[in-house]
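Structure below is target_11.txt: compact mmCIF, C-alpha atoms.
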```txt
# COMPACT_ATOMS: atom_id res chain seq x y z
CA MET A 115 163.26 -154.62 77.70
CA GLU A 116 160.40 -152.27 78.31
CA HIS A 117 157.06 -153.63 79.40
CA ARG A 118 154.26 -151.34 78.42
CA GLY A 119 150.50 -151.34 78.28
CA ARG A 120 147.31 -149.62 79.30
CA ILE A 121 143.82 -150.15 80.59
CA GLN A 122 141.17 -147.95 79.04
CA ALA A 123 137.57 -147.04 79.65
CA GLN A 124 136.05 -145.99 76.35
CA SER A 125 132.93 -145.16 74.35
CA GLY A 126 130.96 -142.08 73.53
CA GLY A 127 132.65 -139.07 75.01
CA LEU A 128 134.75 -141.04 77.47
CA GLU A 129 138.37 -141.96 76.93
CA GLU A 130 140.26 -142.45 80.17
CA SER A 131 143.16 -144.76 80.73
CA GLU A 132 145.78 -145.92 83.19
CA SER A 133 149.05 -147.14 81.74
CA TRP A 134 152.19 -148.89 82.83
CA SER A 135 155.68 -148.59 81.44
CA SER A 136 158.60 -150.17 83.19
CA SER A 137 161.71 -152.25 82.77
CA THR A 138 160.33 -154.52 85.47
CA LEU A 139 157.45 -156.88 84.88
CA SER A 140 153.98 -155.86 85.97
CA THR A 141 152.35 -158.25 88.39
CA GLN A 142 148.79 -159.30 89.02
CA GLN A 143 148.56 -156.74 91.80
CA ASP A 144 149.84 -153.98 89.50
CA GLY A 145 147.12 -154.83 87.01
CA LEU A 146 144.38 -154.96 89.63
CA ASP A 147 145.54 -151.67 91.14
CA LEU A 148 145.36 -149.95 87.75
CA ILE A 149 141.86 -151.28 87.16
CA ASP A 150 140.77 -149.97 90.58
CA LYS A 151 142.37 -146.63 89.88
CA LEU A 152 140.63 -146.29 86.52
CA GLU A 153 137.27 -147.28 87.98
CA ARG A 154 137.60 -144.60 90.67
CA LYS A 155 138.76 -142.00 88.17
CA ILE A 156 135.75 -142.01 85.84
CA PRO A 157 132.31 -140.51 86.63
CA LEU A 158 129.90 -142.63 88.62
CA ALA A 159 127.58 -143.28 85.67
CA GLU A 160 130.48 -144.43 83.51
CA ALA A 161 131.71 -146.71 86.30
CA MET A 162 128.25 -148.15 86.91
CA VAL A 163 127.62 -149.10 83.29
CA ARG A 164 131.07 -150.71 83.19
CA LYS A 165 130.74 -152.68 86.40
CA LYS A 166 130.66 -156.01 84.58
CA ALA A 167 133.50 -154.90 82.32
CA PHE A 168 135.75 -154.04 85.25
CA GLU A 169 134.95 -157.33 86.97
CA GLN A 170 135.77 -159.32 83.83
CA ALA A 171 138.99 -157.36 83.39
CA ARG A 172 140.01 -158.31 86.94
CA ILE A 173 139.21 -161.96 86.26
CA TYR A 174 141.30 -161.84 83.10
CA VAL A 175 144.31 -160.39 84.94
CA LYS A 176 144.03 -163.18 87.51
CA GLN A 177 143.70 -165.81 84.76
CA ALA A 178 146.76 -164.37 83.06
CA THR A 179 148.78 -164.60 86.24
CA ALA A 180 147.66 -168.17 86.78
CA ASN A 181 149.00 -168.97 83.30
CA GLY A 182 152.36 -167.26 83.58
CA GLY A 183 151.24 -163.83 82.35
CA VAL A 184 150.66 -162.59 78.82
CA ASP A 185 153.02 -161.43 76.08
CA ALA A 186 152.52 -158.50 73.75
CA GLN A 187 150.62 -157.79 71.72
CA VAL A 188 147.33 -158.38 73.46
CA SER A 189 144.10 -156.47 73.01
CA ARG A 190 141.07 -157.50 75.02
CA SER A 191 137.70 -155.77 75.31
CA PHE A 192 135.28 -156.26 78.18
CA PRO A 193 132.53 -156.96 79.00
CA LYS A 194 131.92 -160.09 77.08
CA GLY A 195 128.83 -162.23 77.18
CA LYS A 196 125.10 -162.07 77.39
CA GLY A 197 123.56 -158.63 77.14
CA THR A 198 126.81 -156.75 76.76
CA LYS A 199 126.75 -155.61 73.16
CA VAL A 200 125.83 -152.07 74.03
CA LYS A 201 127.35 -149.35 71.89
CA GLY A 202 130.92 -150.30 72.66
CA ILE A 203 130.69 -149.30 76.32
CA ARG A 204 133.80 -151.10 77.40
CA VAL A 205 137.05 -151.53 79.27
CA ASP A 206 140.09 -152.50 77.18
CA ILE A 207 143.32 -154.12 78.30
CA GLU A 208 146.23 -153.62 75.92
CA VAL A 209 149.67 -155.13 76.36
CA ILE A 210 151.75 -153.12 73.90
CA THR A 211 155.30 -154.36 74.51
CA GLY A 212 156.92 -156.97 76.71
CA LYS A 213 155.02 -159.04 79.19
CA ALA A 214 152.39 -158.36 81.83
CA PHE A 215 150.56 -159.74 84.84
CA VAL A 216 153.23 -162.22 85.82
CA PRO A 217 152.94 -164.21 89.06
CA MET B 286 115.25 -164.91 62.91
CA VAL B 287 118.89 -165.50 62.03
CA HIS B 288 120.89 -168.59 61.14
CA HIS B 289 123.62 -169.09 63.72
CA LEU B 290 126.95 -170.71 62.94
CA PHE B 291 129.29 -172.55 65.32
CA LYS B 292 126.76 -172.06 68.13
CA ASP B 293 128.67 -174.14 70.68
CA PHE B 294 132.12 -172.72 69.93
CA LEU B 295 132.69 -171.91 73.59
CA GLU B 296 131.78 -175.40 74.78
CA ASN B 297 133.76 -177.43 72.29
CA GLN B 298 137.41 -176.63 71.56
CA GLU B 299 137.35 -178.50 68.25
CA VAL B 300 134.43 -176.36 67.14
CA TYR B 301 136.33 -173.31 68.37
CA ILE B 302 139.32 -174.11 66.13
CA LEU B 303 136.99 -174.71 63.17
CA ASN B 304 135.34 -171.37 63.95
CA GLU B 305 138.71 -169.60 63.94
CA ASN B 306 139.60 -171.17 60.61
CA TYR B 307 136.20 -170.23 59.24
CA TRP B 308 136.95 -166.55 59.86
CA LYS B 309 140.39 -166.88 58.25
CA ASP B 310 138.79 -168.45 55.16
CA GLN B 311 136.12 -165.79 55.05
CA PHE B 312 138.78 -163.09 55.19
CA ASP B 313 141.02 -164.70 52.57
CA ASN B 314 138.05 -165.16 50.25
CA LEU B 315 137.02 -161.56 50.74
CA LEU B 316 140.44 -160.37 49.61
CA LEU B 317 140.53 -162.87 46.75
CA GLN B 318 137.06 -161.98 45.48
CA ASN B 319 137.98 -158.32 45.44
CA GLY B 320 141.25 -158.95 43.62
CA THR B 321 143.37 -157.14 46.17
CA SER B 322 147.02 -157.91 46.76
CA LEU B 323 146.81 -156.70 50.33
CA VAL B 324 149.15 -158.62 52.65
CA CYS B 325 147.78 -159.07 56.15
CA ARG B 326 148.80 -161.18 59.11
CA GLU B 327 147.61 -162.19 62.53
CA TRP B 328 149.21 -159.88 65.08
CA LEU B 329 147.53 -160.26 68.47
CA LYS B 330 148.35 -163.03 70.93
CA THR B 331 145.41 -165.23 71.79
CA THR B 332 147.29 -167.37 74.27
CA PHE B 333 148.72 -166.85 77.73
CA SER B 334 152.49 -167.01 78.22
CA ASN B 335 152.31 -170.75 78.96
CA GLY B 336 150.68 -171.39 75.59
CA VAL B 337 147.15 -171.96 76.85
CA LYS B 338 144.64 -170.49 74.42
CA PHE B 339 142.09 -167.96 75.65
CA PHE B 340 139.30 -169.98 73.97
CA ASP B 341 136.78 -167.24 74.68
CA GLY B 342 136.33 -165.55 71.30
CA ASN B 343 137.97 -162.34 72.51
CA PRO B 344 139.16 -162.08 69.81
CA ILE B 345 138.14 -164.97 67.55
CA PHE B 346 139.92 -163.34 64.60
CA ASN B 347 142.47 -160.58 64.20
CA VAL B 348 144.54 -159.28 61.35
CA LEU B 349 146.99 -156.45 60.70
CA CYS B 350 147.63 -155.03 57.24
CA PRO B 351 150.97 -153.19 57.62
CA SER B 352 150.80 -151.33 54.31
CA LEU B 353 147.59 -149.62 55.44
CA ASN B 354 148.53 -149.50 59.12
CA LYS B 355 145.07 -150.88 59.75
CA ALA B 356 143.77 -153.85 61.67
CA VAL B 357 140.58 -155.80 62.22
CA ARG B 358 139.56 -157.54 65.42
CA ILE B 359 136.42 -159.68 65.71
CA ILE B 360 135.03 -160.62 69.10
CA GLN B 361 132.51 -163.42 68.95
CA GLU B 362 129.81 -163.94 71.57
CA GLU B 363 127.71 -166.98 72.34
CA PRO B 364 124.27 -166.73 70.70
CA THR B 365 121.63 -165.60 73.16
CA SER B 366 118.63 -165.15 70.90
CA ASN B 367 117.40 -165.57 67.35
CA HIS B 368 117.98 -161.89 66.65
CA LEU B 369 120.77 -160.28 64.67
CA VAL B 370 123.37 -159.09 67.19
CA ILE B 371 126.35 -157.07 66.01
CA SER B 372 128.18 -153.94 67.08
CA ALA B 373 131.31 -152.20 65.82
CA TRP B 374 133.65 -149.33 66.62
CA LEU B 375 136.98 -147.87 65.59
CA ASP B 376 139.95 -147.97 67.92
CA GLU B 377 143.66 -147.22 67.93
CA PHE B 378 146.47 -149.42 69.20
CA PRO B 379 149.91 -147.91 69.91
CA THR B 380 152.85 -149.40 68.05
CA ALA B 381 155.87 -150.70 69.92
CA ASP B 382 157.94 -147.63 69.12
CA ASP B 383 155.04 -145.36 70.02
CA GLN B 384 155.60 -143.36 66.84
CA GLU B 385 152.17 -144.03 65.44
CA THR B 386 149.04 -146.01 66.11
CA VAL B 387 147.42 -148.87 64.28
CA LYS B 388 143.87 -147.99 63.31
CA GLU B 389 141.60 -150.85 64.20
CA LEU B 390 138.08 -151.88 63.24
CA VAL B 391 136.54 -153.88 66.09
CA ILE B 392 133.44 -155.95 65.49
CA VAL B 393 131.48 -157.72 68.22
CA LEU B 394 128.87 -160.21 67.10
CA GLU B 395 126.90 -163.33 67.67
CA LEU B 396 127.93 -165.29 64.58
CA SER B 397 125.15 -165.92 62.10
CA GLU B 398 125.02 -165.87 58.33
CA GLU B 399 123.48 -162.43 58.64
CA SER B 400 126.02 -160.92 61.07
CA ARG B 401 128.86 -162.47 59.07
CA ASP B 402 127.71 -160.69 55.93
CA LEU B 403 127.42 -157.38 57.76
CA ALA B 404 130.89 -157.85 59.25
CA LYS B 405 132.38 -158.67 55.85
CA GLY B 406 130.82 -155.53 54.43
CA LEU B 407 132.51 -153.45 57.12
CA ILE B 408 135.86 -155.20 56.61
CA LYS B 409 135.65 -154.70 52.87
CA ALA B 410 135.04 -150.96 53.29
CA TRP B 411 137.84 -150.68 55.88
CA LEU B 412 140.57 -152.65 54.14
CA VAL B 413 139.71 -153.27 50.50
CA GLU B 414 138.24 -149.83 49.83
CA ASN B 415 140.54 -148.27 52.44
CA ALA B 416 137.82 -146.03 53.86
CA GLY B 417 139.01 -143.21 56.10
CA SER B 418 138.06 -143.15 59.76
CA GLU B 419 135.32 -140.58 59.29
CA GLU B 420 133.82 -142.37 56.32
CA MET B 421 134.06 -145.65 58.20
CA GLN B 422 132.36 -144.24 61.27
CA THR B 423 129.51 -143.02 59.09
CA LEU B 424 129.16 -146.49 57.61
CA ILE B 425 129.22 -148.12 61.05
CA ASP B 426 126.57 -145.72 62.32
CA LYS B 427 124.43 -146.50 59.30
CA GLU B 428 124.83 -150.27 59.49
CA MET B 429 124.38 -150.44 63.24
CA THR B 430 121.06 -148.65 63.10
CA SER B 431 119.67 -151.25 60.75
CA PRO B 432 116.17 -152.27 61.82
CA LEU B 433 117.35 -155.86 61.52
CA ILE B 434 119.62 -155.46 64.52
CA HIS B 435 117.98 -156.38 67.75
CA ARG B 436 117.45 -153.67 70.33
CA HIS B 437 115.78 -153.78 73.63
CA PRO B 438 112.81 -151.48 73.12
CA ARG B 439 112.79 -149.70 76.45
CA GLN B 440 109.69 -147.68 77.09
CA LEU B 441 109.09 -145.26 79.91
CA GLN B 442 106.15 -147.20 81.22
CA HIS B 443 108.30 -150.33 81.52
CA LEU B 444 111.16 -148.84 83.52
CA LEU B 445 109.32 -148.69 86.84
CA PRO B 446 107.68 -151.85 88.17
CA THR B 447 104.04 -152.19 87.25
CA HIS B 448 101.16 -154.28 88.57
CA THR B 449 102.85 -155.05 91.85
CA SER B 450 101.78 -154.79 95.47
CA TRP B 451 103.69 -151.51 95.67
CA GLY B 452 101.16 -149.79 93.42
CA SER B 453 102.06 -147.03 91.04
CA LEU B 454 105.56 -145.59 91.42
CA THR B 455 106.88 -142.19 90.38
CA PHE B 456 110.43 -140.93 90.09
CA ILE B 457 111.62 -138.55 92.78
CA GLU B 458 115.18 -138.03 91.64
CA ILE B 459 117.35 -139.59 88.97
CA HIS B 460 120.89 -139.82 90.29
CA VAL B 461 122.55 -141.67 87.45
CA PHE B 462 121.28 -141.53 83.90
CA TYR B 463 123.01 -143.41 81.11
CA ASP B 464 120.65 -143.88 78.17
CA TRP B 465 117.98 -144.53 80.76
CA PRO B 466 117.82 -144.03 84.56
CA ARG B 467 120.26 -146.42 86.21
CA LEU B 468 120.08 -145.19 89.79
CA PHE B 469 117.15 -143.25 91.17
CA THR B 470 114.82 -142.68 94.06
CA CYS B 471 111.10 -143.14 93.66
CA GLN B 472 107.98 -143.42 95.77
CA ASN B 473 104.60 -145.11 95.64
CA VAL B 474 101.18 -143.66 96.33
CA ASP B 475 101.51 -144.52 100.02
CA GLY B 476 104.64 -142.38 100.21
CA GLN B 477 106.99 -145.33 100.59
CA LEU B 478 110.46 -144.34 99.40
CA PHE B 479 112.76 -146.58 97.38
CA LEU B 480 116.30 -146.39 96.10
CA ALA B 481 116.67 -148.38 92.88
CA VAL B 482 119.74 -149.46 90.94
CA TRP B 483 119.88 -151.21 87.56
CA PHE B 484 122.26 -154.15 87.63
CA ASP B 485 121.72 -156.22 84.49
CA GLU B 486 119.55 -156.93 81.49
CA THR B 487 118.30 -160.00 79.72
CA GLU B 488 116.79 -160.44 76.29
CA GLU B 489 113.40 -159.57 77.73
CA ALA B 490 113.83 -157.55 80.88
CA ASP B 491 115.84 -155.17 83.01
CA LEU B 492 116.98 -156.34 86.43
CA TRP B 493 116.99 -153.96 89.38
CA LEU B 494 117.55 -153.86 93.08
CA TYR B 495 115.13 -151.80 95.17
CA VAL B 496 115.51 -150.96 98.81
CA ASN B 497 112.99 -149.25 101.10
CA LEU B 498 114.21 -146.04 102.69
CA SER B 499 113.13 -143.82 105.53
CA PRO B 500 113.43 -140.09 104.83
CA GLN B 501 116.36 -139.97 107.27
CA ARG B 502 118.13 -142.80 105.50
CA LEU B 503 117.57 -141.14 102.13
CA ALA B 504 119.16 -137.97 103.49
CA THR B 505 122.29 -139.82 104.63
CA ILE B 506 122.61 -141.52 101.25
CA ARG B 507 122.12 -138.28 99.35
CA THR B 508 124.82 -136.56 101.35
CA GLY B 509 127.21 -139.45 100.92
CA GLN B 510 127.36 -140.47 104.57
CA ILE B 511 126.33 -143.96 103.47
CA ASP B 512 127.86 -145.30 100.28
CA LEU B 513 125.71 -146.90 97.61
CA TYR B 514 126.99 -150.37 98.43
CA ASP B 515 125.85 -150.18 102.04
CA ALA B 516 122.61 -148.47 101.06
CA PHE B 517 121.57 -151.88 99.76
CA ARG B 518 123.78 -154.28 101.68
CA THR B 519 122.74 -152.96 105.07
CA ALA B 520 119.11 -152.16 104.29
CA GLU B 521 117.21 -150.61 107.20
CA ASN B 522 114.77 -153.48 107.46
CA GLY B 523 117.32 -156.04 106.28
CA TRP B 524 115.53 -156.70 102.99
CA VAL B 525 116.24 -155.77 99.39
CA HIS B 526 113.93 -156.44 96.45
CA GLN B 527 115.10 -157.96 93.21
CA VAL B 528 112.83 -156.44 90.58
CA THR B 529 112.34 -157.57 86.99
CA THR B 530 110.74 -155.05 84.61
CA TYR B 531 109.92 -156.46 81.19
CA TYR B 532 110.30 -154.54 77.95
CA ASP B 533 106.73 -155.44 77.03
CA ASP B 534 103.47 -155.35 78.98
CA ARG B 535 104.16 -158.32 81.20
CA PHE B 536 103.71 -157.69 84.92
CA SER B 537 106.88 -156.87 86.82
CA GLN B 538 108.22 -159.35 89.33
CA ILE B 539 109.45 -158.60 92.83
CA LYS B 540 111.43 -160.99 94.95
CA ALA B 541 112.53 -160.08 98.47
CA VAL B 542 116.05 -161.14 99.39
CA SER B 543 118.03 -160.62 102.55
CA GLY B 544 120.39 -157.68 102.12
CA ASP B 545 123.38 -159.58 103.39
CA THR B 546 122.97 -162.39 100.84
CA ILE B 547 122.92 -160.32 97.65
CA ASP B 548 125.58 -161.10 95.09
CA ASP B 549 128.27 -158.40 95.21
CA ASP B 550 128.13 -158.22 91.40
CA TRP B 551 124.62 -156.78 91.63
CA LEU B 552 125.56 -153.99 93.98
CA PRO B 553 127.24 -150.65 93.28
CA LYS B 554 130.93 -150.63 94.08
CA ARG B 555 132.02 -149.91 97.63
CA LEU B 556 132.73 -146.25 98.32
CA GLN B 557 130.64 -144.98 95.40
CA ARG B 558 128.65 -142.15 96.92
CA LEU B 559 125.97 -139.84 95.65
CA SER B 560 127.77 -136.81 97.01
CA GLY B 561 130.55 -137.52 94.55
CA ALA B 562 128.20 -137.60 91.60
CA SER B 563 128.67 -134.76 89.19
CA LYS B 564 126.68 -133.41 86.29
CA THR B 565 128.65 -135.69 84.01
CA ASP B 566 126.88 -138.58 85.67
CA LEU B 567 123.75 -137.54 83.85
CA GLN B 568 124.72 -138.98 80.51
CA LEU B 569 122.37 -138.04 77.75
CA THR B 570 122.60 -139.78 74.44
CA ARG B 571 120.62 -140.26 71.33
CA PRO B 572 117.04 -139.09 71.62
CA ASP B 573 114.11 -141.38 71.37
CA ASP B 574 110.72 -139.77 71.29
CA SER B 575 109.07 -142.81 72.76
CA LEU B 576 110.89 -142.17 76.00
CA SER B 577 111.05 -138.42 76.04
CA GLN B 578 107.90 -137.93 78.02
CA LEU B 579 109.20 -138.65 81.46
CA THR B 580 106.88 -137.11 83.96
CA ILE B 581 107.16 -137.03 87.65
CA GLY B 582 104.62 -137.19 90.41
CA ALA B 583 103.12 -133.84 91.18
CA LYS B 584 103.54 -134.30 94.90
CA LEU B 585 106.91 -133.14 96.06
CA THR B 586 107.87 -133.77 99.60
CA ARG B 587 109.55 -131.22 101.80
CA ARG B 588 112.53 -133.52 101.93
CA ILE B 589 113.51 -132.44 98.44
CA SER B 590 115.34 -129.15 98.45
CA ARG B 591 114.58 -126.34 96.05
CA GLU B 592 117.99 -126.87 94.48
CA THR B 593 117.36 -130.56 93.97
CA LEU B 594 113.99 -129.85 92.50
CA GLU B 595 115.51 -127.41 90.05
CA GLN B 596 118.21 -129.93 89.09
CA ARG B 597 115.56 -132.52 88.57
CA ARG B 598 113.50 -130.21 86.43
CA GLN B 599 116.55 -129.57 84.30
CA VAL B 600 117.19 -133.27 83.94
CA LEU B 601 113.61 -134.01 83.05
CA LYS B 602 113.51 -131.11 80.69
CA THR B 603 116.54 -132.27 78.79
CA SER B 604 116.42 -136.01 79.34
CA GLN B 605 115.75 -137.98 76.25
CA PHE B 606 115.63 -141.66 76.72
CA LEU B 607 116.91 -144.17 74.30
CA GLY B 608 115.31 -147.45 73.49
CA THR B 609 118.56 -149.20 72.87
CA ASN B 610 120.11 -152.57 72.47
```
Would you kindly transcribe this structure into structure tokens?
Amino acid sequence: MEHRGRIQAQSGGLEESESWSSSTLSTQQDGLDLIDKLERKIPLAEAMVRKKAFEQARIYVKQATANGGVDAQVSRSFPKGKGTKVKGIRVDIEVITGKAFVP
Amino acid sequence: MVHHLFKDFLENQEVYILNENYWKDQFDNLLLQNGTSLVCREWLKTTFSNGVKFFDGNPIFNVLCPSLNKAVRIIQEEPTSNHLVISAWLDEFPTADDQETVKELVIVLELSEESRDLAKGLIKAWLVENAGSEEMQTLIDKEMTSPLIHRHPRQLQHLLPTHTSWGSLTFIEIHVFYDWPRLFTCQNVDGQLFLAVWFDETEEADLWLYVNLSPQRLATIRTGQIDLYDAFRTAENGWVHQVTTYYDDRFSQIKAVSGDTIDDDWLPKRLQRLSGASKTDLQLTRPDDSLSQLTIGAKLTRRISRETLEQRRQVLKTSQFLGTN
């Protein structure tokens, strides 16, 4: 079975992503590494306005691992919470097939 | 003033379940009232692999209508004010076989009778009337600029701290601009230099960190020898200032905190450096005349190179601030 998904930074003119696709399960560390990679890849301004989003995405990956991972299909948008409803400036985690963020 | 529904849905799991069912009923009724035979189903997992529910409203409701290859996802936030809070965008989700993508309408809201009605209007256009992406985007843009939707009315005069012991401040250089300056250097009338970074917002104010800089320190930050994290964390005098600038005429607040005790969440990421900043870091968005009159102090120090000055002039010439939500 193929396990596939992606982490995206979106809104306005930005659409960057890091994806995974493998017959082996992605782990918590795989997820965190992809988030780090995406955060480094985008321009400084885009990274700064998504700081909270990236942090919440990391927390979600850790929560998923603590609960045995997540199964497709999952679509999560960050940030969530007070003062974050700004023009869809966001980081998305999408689990498209299989399972992700296993312990 | 709006009328919130299921206000404590994040605190009470029974309320959360009722809230989920409320959205399902609203959706079913919408289809029924419009006499459509559209068949739709829930398609996203809202539990972890061990069966534990997310219980965080992300999403609170989701539905896929296979015949249209369209979906709707609603993310519900905890109410933070009595204003109408809603946002929406279009997205695409790859299918398992990667042959095509599901087109998705995503709505983020604080649930009130008012935001519910706006959301239902968008869903109706998207699914019942089967609006195309372009048409839908036009509708979203129109609905989301409604004067009823709360926006933080940022004004130029409220971005820099006012009525503080620092006196009047003027921008020296804006390093990161995203709708408004997020990272910049400024100085007061005594020539004291500051590096400032925006780190959060509330319903009534922006929150910033300011750190005093010597000209030498500023030079090392500008050339990337010191990353932005350490620029604040290891402040020259050990102190960083937490600054609150209100959207209205209230006096700004300054609170000194030890640099080594600041919450990491407030600081720029480690290894983010100004030398790596590119022109794309100066993000310019929708214009707002109320904030298009950014002026800068006439006194320019020798520390600012001709090139920097020219860049700054270009930024100030083209910068158009946005009073946004």
Check every residue of chain A for an atom within 8 Å of chain B, counting only C-alpha atoms, and provide those that qualify as an NGL selection string.
:A and (157-160 or 162-163 or 165-166 or 178 or 181-191 or 194-197 or 199-202 or 208 or 210-211)
Nearest to B:Gln311, restricted to all atoms listed in the file and choosing among B:His448, B:Lys427, B:Lys409, B:His443, comes out as B:Lys409
Provide the atom CA of B:Ile302 to atom CA of B:Leu290 distance in Å, to one decimal place.
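We find that atom CA of B:Ile302 and atom CA of B:Leu290 lie 13.2 Å from each other.
The spacing separating atom CA of A:Glu116 from atom CA of B:Gln384 amounts to 15.3 Å.
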Residues within 9 Å of stretch 511-522 of chain B, please, as number ranges by chain. Count all atoms listed in the file; anything in the same chain fewer than 6 positions from it doesn't count.
B: 480, 494-499, 502-503, 505, 543-547, 549, 552-559
With the input short on atoms, add N, CA and C atoms back to stretch 519-530 of chain B and write it as a PDB file, in the coordinates of the input.
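Output saved as selection-v2.pdb:
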```pdb
ATOM      1  N   THR B 519     123.208-153.069 103.685  1.00  0.00           N
ATOM      2  CA  THR B 519     122.740-152.960 105.070  1.00  0.00           C
ATOM      3  C   THR B 519     121.396-152.223 105.102  1.00  0.00           C
ATOM      4  N   ALA B 520     120.450-152.774 104.367  1.00  0.00           N
ATOM      5  CA  ALA B 520     119.110-152.160 104.290  1.00  0.00           C
ATOM      6  C   ALA B 520     118.530-151.987 105.695  1.00  0.00           C
ATOM      7  N   GLU B 521     117.761-150.913 105.871  1.00  0.00           N
ATOM      8  CA  GLU B 521     117.210-150.610 107.200  1.00  0.00           C
ATOM      9  C   GLU B 521     116.417-151.772 107.779  1.00  0.00           C
ATOM     10  N   ASN B 522     115.578-152.364 106.946  1.00  0.00           N
ATOM     11  CA  ASN B 522     114.770-153.480 107.460  1.00  0.00           C
ATOM     12  C   ASN B 522     115.398-154.836 107.125  1.00  0.00           C
ATOM     13  N   GLY B 523     116.610-154.793 106.575  1.00  0.00           N
ATOM     14  CA  GLY B 523     117.320-156.040 106.280  1.00  0.00           C
ATOM     15  C   GLY B 523     116.971-156.655 104.932  1.00  0.00           C
ATOM     16  N   TRP B 524     115.988-156.073 104.225  1.00  0.00           N
ATOM     17  CA  TRP B 524     115.530-156.700 102.990  1.00  0.00           C
ATOM     18  C   TRP B 524     115.745-155.808 101.772  1.00  0.00           C
ATOM     19  N   VAL B 525     116.092-156.444 100.681  1.00  0.00           N
ATOM     20  CA  VAL B 525     116.240-155.770  99.390  1.00  0.00           C
ATOM     21  C   VAL B 525     115.329-156.514  98.416  1.00  0.00           C
ATOM     22  N   HIS B 526     114.842-155.808  97.420  1.00  0.00           N
ATOM     23  CA  HIS B 526     113.930-156.440  96.450  1.00  0.00           C
ATOM     24  C   HIS B 526     114.602-156.547  95.087  1.00  0.00           C
ATOM     25  N   GLN B 527     114.621-157.760  94.576  1.00  0.00           N
ATOM     26  CA  GLN B 527     115.100-157.960  93.210  1.00  0.00           C
ATOM     27  C   GLN B 527     113.899-157.787  92.291  1.00  0.00           C
ATOM     28  N   VAL B 528     113.977-156.798  91.415  1.00  0.00           N
ATOM     29  CA  VAL B 528     112.830-156.440  90.580  1.00  0.00           C
ATOM     30  C   VAL B 528     113.154-156.710  89.104  1.00  0.00           C
ATOM     31  N   THR B 529     112.209-157.321  88.430  1.00  0.00           N
ATOM     32  CA  THR B 529     112.340-157.570  86.990  1.00  0.00           C
ATOM     33  C   THR B 529     111.276-156.746  86.270  1.00  0.00           C
ATOM     34  N   THR B 530     111.704-155.830  85.412  1.00  0.00           N
ATOM     35  CA  THR B 530     110.740-155.050  84.610  1.00  0.00           C
ATOM     36  C   THR B 530     110.919-155.463  83.145  1.00  0.00           C
TER      37      THR B 530
END
```
